[in-house]
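K.L.:
Input my_file-v1.csv, format and content: CSV, C-alpha atoms.
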```csv
chain,number,residue,atom,x,y,z
A,188,MET,CA,-132.7,-61.8,20.1
A,189,THR,CA,-130.8,-60.6,23.0
A,190,ARG,CA,-127.7,-62.6,22.5
A,191,ARG,CA,-126.1,-63.3,19.2
A,192,PRO,CA,-123.1,-65.4,18.5
A,193,ALA,CA,-119.9,-63.6,17.5
A,194,GLY,CA,-119.5,-62.7,13.9
A,195,ARG,CA,-120.2,-59.8,11.7
A,196,PRO,CA,-122.3,-57.1,13.2
A,197,LEU,CA,-126.0,-57.4,12.4
A,198,VAL,CA,-126.0,-53.9,10.9
A,199,PRO,CA,-122.9,-52.4,9.3
A,200,ALA,CA,-121.9,-49.2,11.0
A,201,TYR,CA,-122.4,-47.1,7.9
A,202,LEU,CA,-126.0,-48.2,7.5
A,203,SER,CA,-126.9,-48.3,11.1
A,204,THR,CA,-128.0,-44.7,11.3
A,205,GLY,CA,-129.8,-44.6,8.0
A,206,GLY,CA,-127.1,-42.2,6.7
A,207,VAL,CA,-127.4,-39.7,9.5
A,208,ALA,CA,-124.0,-38.7,10.8
A,209,ARG,CA,-124.7,-36.2,13.4
A,210,PRO,CA,-126.9,-36.8,16.5
A,211,SER,CA,-129.9,-34.6,16.8
A,212,ARG,CA,-128.8,-33.6,20.3
A,213,PRO,CA,-125.2,-32.7,21.0
A,214,HIS,CA,-124.8,-33.8,24.6
A,215,LEU,CA,-124.7,-37.6,24.5
A,216,GLU,CA,-121.3,-38.6,25.8
A,217,ARG,CA,-119.6,-41.9,26.1
A,218,LEU,CA,-120.7,-42.0,29.7
A,219,SER,CA,-124.2,-40.7,29.3
A,220,VAL,CA,-126.5,-43.4,30.8
A,221,LEU,CA,-129.2,-44.7,28.6
A,222,ALA,CA,-132.4,-46.3,30.0
A,223,ARG,CA,-135.7,-47.3,28.4
A,224,SER,CA,-138.5,-45.0,29.1
A,225,GLY,CA,-141.0,-47.8,29.1
A,226,GLU,CA,-142.9,-46.5,26.1
A,227,PRO,CA,-143.5,-49.3,23.6
A,228,PRO,CA,-141.5,-49.0,20.4
A,229,PRO,CA,-143.7,-47.9,17.5
A,230,ALA,CA,-144.0,-50.0,14.3
A,231,GLY,CA,-141.4,-49.2,11.7
A,232,LEU,CA,-138.6,-48.2,14.1
A,233,PRO,CA,-135.3,-48.8,12.3
A,234,ALA,CA,-133.7,-52.1,13.0
A,235,ALA,CA,-130.6,-50.5,14.6
A,236,GLU,CA,-132.7,-48.5,17.0
A,237,LEU,CA,-134.6,-51.7,17.9
A,238,ALA,CA,-131.3,-53.4,18.5
A,239,LEU,CA,-130.3,-50.6,20.9
A,240,LEU,CA,-133.6,-50.8,22.7
A,241,ASP,CA,-133.0,-54.5,23.0
A,242,THR,CA,-129.6,-54.0,24.8
A,243,LEU,CA,-131.4,-51.8,27.3
A,244,GLU,CA,-134.1,-54.4,28.0
A,245,ASP,CA,-132.3,-55.7,31.1
A,246,GLY,CA,-131.2,-52.4,32.5
A,247,SER,CA,-129.4,-49.1,31.8
A,248,LEU,CA,-126.1,-48.8,30.0
A,249,ALA,CA,-123.6,-46.1,29.3
A,250,VAL,CA,-123.4,-45.1,25.6
A,251,VAL,CA,-120.0,-46.7,25.3
A,252,GLU,CA,-121.3,-50.0,26.7
A,253,ALA,CA,-124.2,-50.1,24.3
A,254,ALA,CA,-121.7,-49.4,21.5
A,255,ALA,CA,-119.5,-52.3,22.5
A,256,LEU,CA,-122.4,-54.7,22.8
A,257,LEU,CA,-123.9,-53.7,19.4
A,258,ARG,CA,-120.4,-53.5,17.9
A,259,LEU,CA,-121.1,-50.1,16.5
A,260,PRO,CA,-118.9,-47.0,16.7
A,261,VAL,CA,-119.7,-44.7,19.6
A,262,SER,CA,-120.6,-42.0,17.0
A,263,ALA,CA,-123.3,-44.2,15.5
A,264,VAL,CA,-124.8,-45.1,18.8
A,265,ARG,CA,-124.9,-41.4,19.7
A,266,VAL,CA,-127.1,-40.8,16.6
A,267,LEU,CA,-129.3,-43.8,17.3
A,268,ALA,CA,-129.7,-42.9,21.0
A,269,ALA,CA,-130.4,-39.3,20.3
A,270,ASP,CA,-133.3,-40.3,18.0
A,271,LEU,CA,-134.7,-42.6,20.6
A,272,VAL,CA,-134.5,-39.9,23.2
A,273,ASP,CA,-136.3,-37.6,20.7
A,274,ARG,CA,-139.0,-40.3,20.4
A,275,ASP,CA,-139.3,-40.5,24.2
A,276,LEU,CA,-138.3,-44.2,24.0
A,277,VAL,CA,-135.1,-43.7,25.9
A,278,LEU,CA,-134.1,-41.6,28.8
A,279,ALA,CA,-130.5,-40.2,28.9
A,280,ARG,CA,-128.7,-39.0,32.0
A,281,ALA,CA,-125.7,-36.9,31.4
A,282,PRO,CA,-122.4,-37.7,33.2
A,283,ILE,CA,-120.8,-35.2,35.6
A,284,PRO,CA,-120.2,-32.0,33.7
A,285,PRO,CA,-116.5,-31.4,33.1
A,286,ALA,CA,-116.5,-28.3,35.2
A,287,GLU,CA,-117.6,-30.3,38.2
A,288,ARG,CA,-115.3,-33.2,37.9
A,289,TYR,CA,-112.7,-31.7,40.2
A,290,ASP,CA,-115.1,-31.2,43.0
A,291,PRO,CA,-113.0,-32.1,46.1
A,292,ASP,CA,-115.8,-34.2,47.5
A,293,LEU,CA,-116.1,-36.2,44.3
A,294,LEU,CA,-112.4,-36.8,44.1
A,295,LYS,CA,-112.3,-37.9,47.8
A,296,ARG,CA,-115.1,-40.4,47.1
A,297,VAL,CA,-113.2,-41.8,44.2
A,298,ALA,CA,-110.0,-42.1,46.3
A,299,ASP,CA,-111.9,-43.6,49.3
A,300,GLY,CA,-113.7,-46.0,47.0
A,301,LEU,CA,-110.5,-47.3,45.5
A,302,ARG,CA,-109.0,-47.8,48.9
A,303,ALA,CA,-112.0,-49.7,50.1
A,304,LEU,CA,-111.7,-51.9,47.0
A,305,LYS,CA,-108.3,-53.0,48.1
A,306,LEU,CA,-109.5,-54.0,51.5
A,307,ARG,CA,-112.2,-56.3,50.1
A,308,PRO,CA,-111.7,-60.0,50.8
B,77,MET,CA,-97.6,-65.2,28.2
B,78,ALA,CA,-99.4,-66.8,31.0
B,79,SER,CA,-102.6,-65.1,32.0
B,80,ALA,CA,-101.8,-64.2,35.5
B,81,PRO,CA,-104.6,-62.8,37.4
B,82,SER,CA,-102.6,-63.2,40.6
B,83,SER,CA,-105.0,-61.2,42.6
B,84,SER,CA,-108.6,-62.1,41.9
B,85,ALA,CA,-109.9,-60.1,44.9
B,86,LEU,CA,-111.5,-57.6,42.7
B,87,SER,CA,-113.0,-59.8,40.1
B,88,ALA,CA,-115.6,-61.3,42.2
B,89,GLY,CA,-118.3,-59.4,40.4
B,90,ALA,CA,-116.9,-60.2,36.9
B,91,THR,CA,-119.8,-62.5,36.0
B,92,GLY,CA,-120.4,-60.8,32.7
B,93,ALA,CA,-123.3,-58.7,33.8
B,94,VAL,CA,-122.9,-55.4,32.0
B,95,HIS,CA,-126.0,-53.4,33.0
B,96,LEU,CA,-125.6,-50.7,35.5
B,97,PRO,CA,-127.3,-50.9,38.9
B,98,ASP,CA,-130.6,-49.1,39.2
B,99,THR,CA,-129.5,-46.5,41.7
B,100,ASP,CA,-128.1,-43.3,40.5
B,101,ARG,CA,-124.3,-43.3,40.4
B,102,ASP,CA,-121.7,-40.8,39.5
B,103,LEU,CA,-119.9,-42.0,36.5
B,104,VAL,CA,-116.3,-40.9,36.2
B,105,LYS,CA,-113.5,-41.8,33.8
B,106,ILE,CA,-109.8,-42.1,33.8
B,107,LEU,CA,-107.7,-42.7,30.8
B,108,VAL,CA,-105.1,-45.5,30.8
B,109,ALA,CA,-102.8,-44.1,28.2
B,110,GLY,CA,-99.7,-45.6,26.6
B,111,PRO,CA,-98.2,-47.0,23.5
B,112,PHE,CA,-99.2,-50.3,22.0
B,113,GLY,CA,-98.1,-53.3,24.0
B,114,VAL,CA,-97.4,-51.4,27.3
B,115,GLY,CA,-100.1,-53.2,29.2
B,116,LYS,CA,-103.1,-50.9,29.1
B,117,THR,CA,-105.6,-53.7,28.4
B,118,THR,CA,-103.9,-55.9,31.0
B,119,LEU,CA,-104.3,-53.3,33.7
B,120,ILE,CA,-107.9,-52.6,32.7
B,121,ASP,CA,-108.8,-56.3,32.8
B,122,SER,CA,-107.1,-56.8,36.1
B,123,VAL,CA,-109.4,-54.3,37.9
B,124,SER,CA,-112.6,-54.3,35.7
B,125,GLU,CA,-115.8,-55.9,37.1
B,126,ILE,CA,-117.2,-56.4,33.6
B,127,ARG,CA,-115.7,-58.6,31.0
B,128,PRO,CA,-113.4,-56.7,28.8
B,129,LEU,CA,-115.3,-54.7,26.2
B,130,HIS,CA,-114.1,-52.5,23.4
B,131,THR,CA,-115.5,-50.2,20.8
B,132,GLU,CA,-114.2,-50.0,17.2
B,133,GLU,CA,-113.6,-46.4,16.5
B,134,PRO,CA,-113.1,-45.0,13.0
B,135,LEU,CA,-109.9,-43.0,12.9
B,136,SER,CA,-111.1,-40.5,10.3
B,137,GLU,CA,-114.2,-39.7,12.3
B,138,ALA,CA,-115.8,-36.4,11.4
B,139,SER,CA,-112.8,-35.2,9.4
B,140,ALA,CA,-114.6,-35.1,6.1
B,141,ARG,CA,-117.9,-33.3,5.4
B,142,VAL,CA,-120.5,-35.9,5.8
B,143,ASP,CA,-122.7,-34.7,3.0
B,144,ASP,CA,-119.9,-34.8,0.4
B,145,LEU,CA,-121.0,-37.8,-1.6
B,146,ALA,CA,-119.2,-36.7,-4.8
B,147,GLY,CA,-116.6,-39.4,-5.6
B,148,VAL,CA,-115.2,-42.0,-3.5
B,149,ARG,CA,-113.7,-40.7,-0.3
B,150,GLU,CA,-110.1,-41.6,0.0
B,151,LYS,CA,-110.4,-41.9,3.7
B,152,SER,CA,-109.4,-45.3,4.8
B,153,THR,CA,-111.8,-47.2,6.9
B,154,THR,CA,-109.1,-47.9,9.5
B,155,THR,CA,-110.5,-48.4,13.0
B,156,VAL,CA,-108.8,-48.7,16.3
B,157,ALA,CA,-110.2,-50.8,19.1
B,158,ILE,CA,-110.6,-48.9,22.3
B,159,ASP,CA,-110.7,-51.2,25.4
B,160,PHE,CA,-112.5,-50.1,28.4
B,161,GLY,CA,-113.5,-51.5,31.8
B,162,ARG,CA,-115.5,-50.5,34.8
B,163,ILE,CA,-115.2,-50.5,38.6
B,164,SER,CA,-118.1,-49.9,40.9
B,165,LEU,CA,-116.8,-48.2,44.0
B,166,PRO,CA,-118.4,-47.9,47.4
B,167,GLY,CA,-119.8,-44.4,47.6
B,168,ASP,CA,-122.0,-44.7,44.5
B,169,ILE,CA,-119.1,-44.1,42.1
B,170,VAL,CA,-118.7,-46.0,38.9
B,171,LEU,CA,-115.2,-45.5,37.5
B,172,TYR,CA,-114.5,-46.2,33.9
B,173,LEU,CA,-111.1,-46.9,32.5
B,174,PHE,CA,-110.4,-46.2,28.8
B,175,GLY,CA,-107.3,-47.7,27.2
B,176,THR,CA,-106.1,-44.9,25.0
B,177,PRO,CA,-103.4,-45.2,22.4
B,178,GLY,CA,-101.2,-42.2,22.2
B,179,GLN,CA,-100.1,-41.7,18.7
B,180,GLU,CA,-100.5,-38.4,17.1
B,181,ARG,CA,-102.9,-39.9,14.5
B,182,PHE,CA,-105.4,-40.7,17.2
B,183,ARG,CA,-105.7,-37.1,18.2
B,184,SER,CA,-109.4,-36.4,17.4
B,185,LEU,CA,-110.3,-39.7,19.0
B,186,TRP,CA,-108.2,-38.8,22.0
B,187,ASP,CA,-110.0,-35.5,22.4
B,188,ASP,CA,-113.3,-37.2,22.3
B,189,ILE,CA,-112.4,-39.8,24.9
B,190,ALA,CA,-110.5,-37.4,27.1
B,191,HIS,CA,-113.5,-35.0,27.3
B,192,GLY,CA,-114.5,-34.9,31.0
B,193,ALA,CA,-111.9,-37.4,32.2
B,194,LEU,CA,-110.5,-36.9,35.7
B,195,GLY,CA,-107.0,-37.6,34.4
B,196,ALA,CA,-104.7,-40.0,32.8
B,197,LEU,CA,-102.6,-42.8,34.1
B,198,VAL,CA,-99.7,-43.0,31.6
B,199,LEU,CA,-98.3,-46.5,31.4
B,200,VAL,CA,-94.6,-46.6,30.5
B,201,ASP,CA,-92.4,-49.5,29.6
B,202,SER,CA,-88.9,-48.6,30.9
B,203,ARG,CA,-87.3,-50.7,28.2
B,204,ARG,CA,-88.6,-48.3,25.6
B,205,LEU,CA,-89.1,-44.9,27.1
B,206,ASP,CA,-89.2,-43.2,23.7
B,207,ALA,CA,-92.4,-45.0,22.8
B,208,SER,CA,-94.1,-43.0,25.5
B,209,PHE,CA,-93.1,-39.5,24.3
B,210,ASP,CA,-96.0,-39.1,22.0
B,211,VAL,CA,-98.5,-40.1,24.7
B,212,LEU,CA,-97.0,-37.7,27.2
B,213,GLY,CA,-97.1,-34.9,24.7
B,214,LEU,CA,-100.8,-35.5,24.0
B,215,VAL,CA,-101.7,-35.7,27.7
B,216,GLU,CA,-99.9,-32.5,28.5
B,217,GLU,CA,-101.4,-30.8,25.6
B,218,SER,CA,-104.9,-31.9,26.6
B,219,GLY,CA,-104.3,-30.3,30.0
B,220,LEU,CA,-105.3,-33.5,31.8
B,221,PRO,CA,-103.6,-34.1,35.1
B,222,TYR,CA,-101.7,-37.4,35.0
B,223,ALA,CA,-99.5,-39.8,36.8
B,224,VAL,CA,-96.8,-42.1,35.3
B,225,ALA,CA,-96.8,-45.8,36.1
B,226,PHE,CA,-94.0,-48.0,35.0
B,227,ASN,CA,-95.4,-51.4,34.2
B,228,ALA,CA,-93.0,-53.9,35.8
B,229,PHE,CA,-91.9,-56.1,33.0
B,230,PRO,CA,-89.7,-58.9,34.3
B,231,ASP,CA,-86.7,-57.9,32.2
B,232,ALA,CA,-87.1,-54.2,32.7
B,233,PRO,CA,-83.9,-52.5,33.7
B,234,ARG,CA,-83.9,-51.8,37.4
B,235,HIS,CA,-80.8,-49.7,37.6
B,236,TYR,CA,-82.6,-46.5,36.5
B,237,GLY,CA,-82.9,-44.1,39.4
B,238,GLU,CA,-86.1,-42.1,39.7
B,239,GLU,CA,-84.4,-38.9,38.9
B,240,ARG,CA,-83.0,-40.3,35.7
B,241,LEU,CA,-86.4,-41.6,34.6
B,242,ARG,CA,-87.9,-38.2,35.4
B,243,ARG,CA,-85.3,-36.5,33.4
B,244,ALA,CA,-85.7,-38.9,30.5
B,245,LEU,CA,-89.4,-38.4,30.4
B,246,ASP,CA,-89.1,-34.7,31.2
B,247,LEU,CA,-91.7,-34.8,34.0
B,248,GLU,CA,-92.6,-32.0,36.3
B,249,PRO,CA,-91.4,-32.6,39.9
B,250,GLY,CA,-95.0,-32.9,41.2
B,251,THR,CA,-96.0,-35.5,38.7
B,252,PRO,CA,-96.5,-38.8,40.5
B,253,MET,CA,-94.4,-41.7,39.3
B,254,VAL,CA,-95.0,-45.2,40.5
B,255,THR,CA,-94.2,-48.8,39.5
B,256,CYS,CA,-97.0,-51.3,39.1
B,257,ASP,CA,-97.7,-54.8,37.9
B,258,ALA,CA,-100.6,-54.3,35.5
B,259,ARG,CA,-101.5,-58.0,35.9
B,260,ASP,CA,-102.2,-57.6,39.6
B,261,ALA,CA,-105.4,-55.9,40.6
B,262,ASN,CA,-104.2,-54.4,43.8
B,263,SER,CA,-101.1,-53.1,42.2
B,264,SER,CA,-103.2,-51.5,39.4
B,265,VAL,CA,-105.5,-49.9,42.0
B,266,ASP,CA,-102.4,-48.5,43.7
B,267,ALA,CA,-101.3,-46.9,40.5
B,268,LEU,CA,-104.8,-45.4,40.0
B,269,LEU,CA,-104.7,-44.2,43.5
B,270,ALA,CA,-101.4,-42.4,42.8
B,271,LEU,CA,-103.3,-40.4,40.2
B,272,VAL,CA,-106.4,-39.8,42.2
B,273,ASP,CA,-104.5,-38.8,45.4
B,274,HIS,CA,-102.6,-36.4,43.2
B,275,LEU,CA,-105.9,-34.9,42.1
B,276,VAL,CA,-107.2,-34.7,45.6
B,277,GLY,CA,-104.0,-32.8,46.5
B,278,ARG,CA,-104.3,-30.6,43.5
B,279,PHE,CA,-107.9,-29.6,44.1
B,280,PRO,CA,-108.2,-29.3,47.8
B,281,ALA,CA,-111.5,-28.5,49.5
B,282,GLU,CA,-110.3,-25.0,50.6
B,283,ALA,CA,-109.5,-23.9,47.1
B,284,ARG,CA,-113.1,-24.0,45.9
```
Could the structure of this file be written out as structure tokens, please?

P.N.:
Amino acid sequence: MTRRPAGRPLVPAYLSTGGVARPSRPHLERLSVLARSGEPPPAGLPAAELALLDTLEDGSLAVVEAAALLRLPVSAVRVLAADLVDRDLVLARAPIPPAERYDPDLLKRVADGLRALKLRP
Amino acid sequence: MASAPSSSALSAGATGAVHLPDTDRDLVKILVAGPFGVGKTTLIDSVSEIRPLHTEEPLSEASARVDDLAGVREKSTTTVAIDFGRISLPGDIVLYLFGTPGQERFRSLWDDIAHGALGALVLVDSRRLDASFDVLGLVEESGLPYAVAFNAFPDAPRHYGEERLRRALDLEPGTPMVTCDARDANSSVDALLALVDHLVGRFPAEAR
């Protein structure tokens, strides 16, 4: 069940988290990268969490990408992903901390990367 | 309006594959901010390597106590679609672009999306400058560095001088101001570069 035709979301947003509104860990951001840990999902995992694991089957995704694919609000995916991280089913990698985003080297890499993009055939 | 991907140079990888490459990359984001209809989505689509994606974000997020189940909440279930795109850059950078509407009522959502962003590219339609005032206010308030890009609509007035536009938008002298064609990938990259070069100049290596 990796690809579904367009239509209403499988799980309505307000039910997707089982009523939990706040993630168990505060640091999942839009650009946190989620990847499966390789642990097999236990029986009885909520459907929405299984659906999230499913989107990670073929590789890692940023939280916001998983939300778009699942058609759930980012806030809901944060809750789901946090629980999956707690269960050791998903690994999360935090994005660059805000304090380090103006690192001159990082900025230069972004600028150089954009310039190189323009030169591509 | 004709879909006009006049420059498809950047869309070679737009095969619909969404998953990130296995190697560790640094993920960064830039907001593409502006009023409805200014061309945010067009710009993002012109440079994005993934098919256009969006999330539906509730507007009243976290504004009510979640455990207050007494009575029907009068909060509307209004959502707003936030478009985003992604560009993998040489040098192991993945740049995300978030189309961010600028009305005051999107403030809490704005703060969430803006968290950790490098800066904002504020798209402006020179035919309706006043539509961009709210966005500029939010950007300045959030403290994000920004550049202004006029999306070159065909019937946009061309007689405005740069100084006049700067004055009308009340821009600081150092704020970059460029014109771009959001439909054109290279032109959109140039507008992003105006912002990133501004950041490079603002945070020089010596100043660390």

K.L.:
Could you check the closest approach to Val94 in chain B for each of B:Thr117, B:Thr154, B:Ser218, B:Ser164 and tell me which residue wins, using only C-alpha atoms?

P.N.:
B:Ser164

K.L.:
Could you give me, as CSV, every range 138-246 of chain B residue with an atom at most 10 Å from range 262-285 of chain A, plus its closest atom pair and distance in Å to one decimal, counting all atoms listed in the file, rows ordered by chain then number?

P.N.:
```
residue,atom,partner,partner_atom,distance
B:Ala138,CA,A:Ser262,CA,9.3
B:His191,CA,A:Pro285,CA,7.5
B:Gly192,CA,A:Pro285,CA,4.5
B:Ala193,CA,A:Pro285,CA,7.6
B:Leu194,CA,A:Pro285,CA,8.5
```

K.L.:
Env of Ala267 in chain B: 8 Å cut, atoms = all atoms listed in the file, seq-sep filter 4 positions within chain, self excluded. Answer as a VMD selection string.

P.N.:
chain B and resid 197 225 254 to 256 263 271

K.L.:
Check every residue of chain A for an atom within 7 Å of chain B, counting only C-alpha atoms, and provide those that qualify as a PyMOL selection string.

P.N.:
chain A and resi 208+218+245-248+254-255+258-260+282-285+288-289+291+294-298+300-301+304-305+307-308

K.L.:
What is the CA of Leu173 in chain B to CA of His214 in chain A distance in Å?

P.N.:
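Interatomic distance, CA of Leu173 in chain B to CA of His214 in chain A: 20.5 Å.
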
K.L.:
Could you tell me how far CA of Ala109 in chain B sits from CA of Gly178 in chain B, in Å to one decimal place?

P.N.:
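Between CA of Gly178 in chain B and CA of Ala109 in chain B the gap is 6.5 Å.
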
K.L.:
For CA of Gln179 in chain B and CA of Asp206 in chain B, determine how far apart the two atoms are, in Å to one decimal place.

P.N.:
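Calculated distance between CA of Gln179 in chain B and CA of Asp206 in chain B is 12.1 Å.
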
K.L.:
Restricting the calculation to all atoms listed in the file: of B:Val114, B:Ala207, B:Leu185, B:Leu247, which residue gets closest to Phe226 in chain B?

P.N.:
B:Val114

K.L.:
Using all atoms listed in the file, which of A:Leu293, A:Val250, A:Ala303, A:Ala286 sits nearest Arg217 in chain A?

P.N.:
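Ranked by minimum distance to Arg217 in chain A, first place goes to A:Val250.
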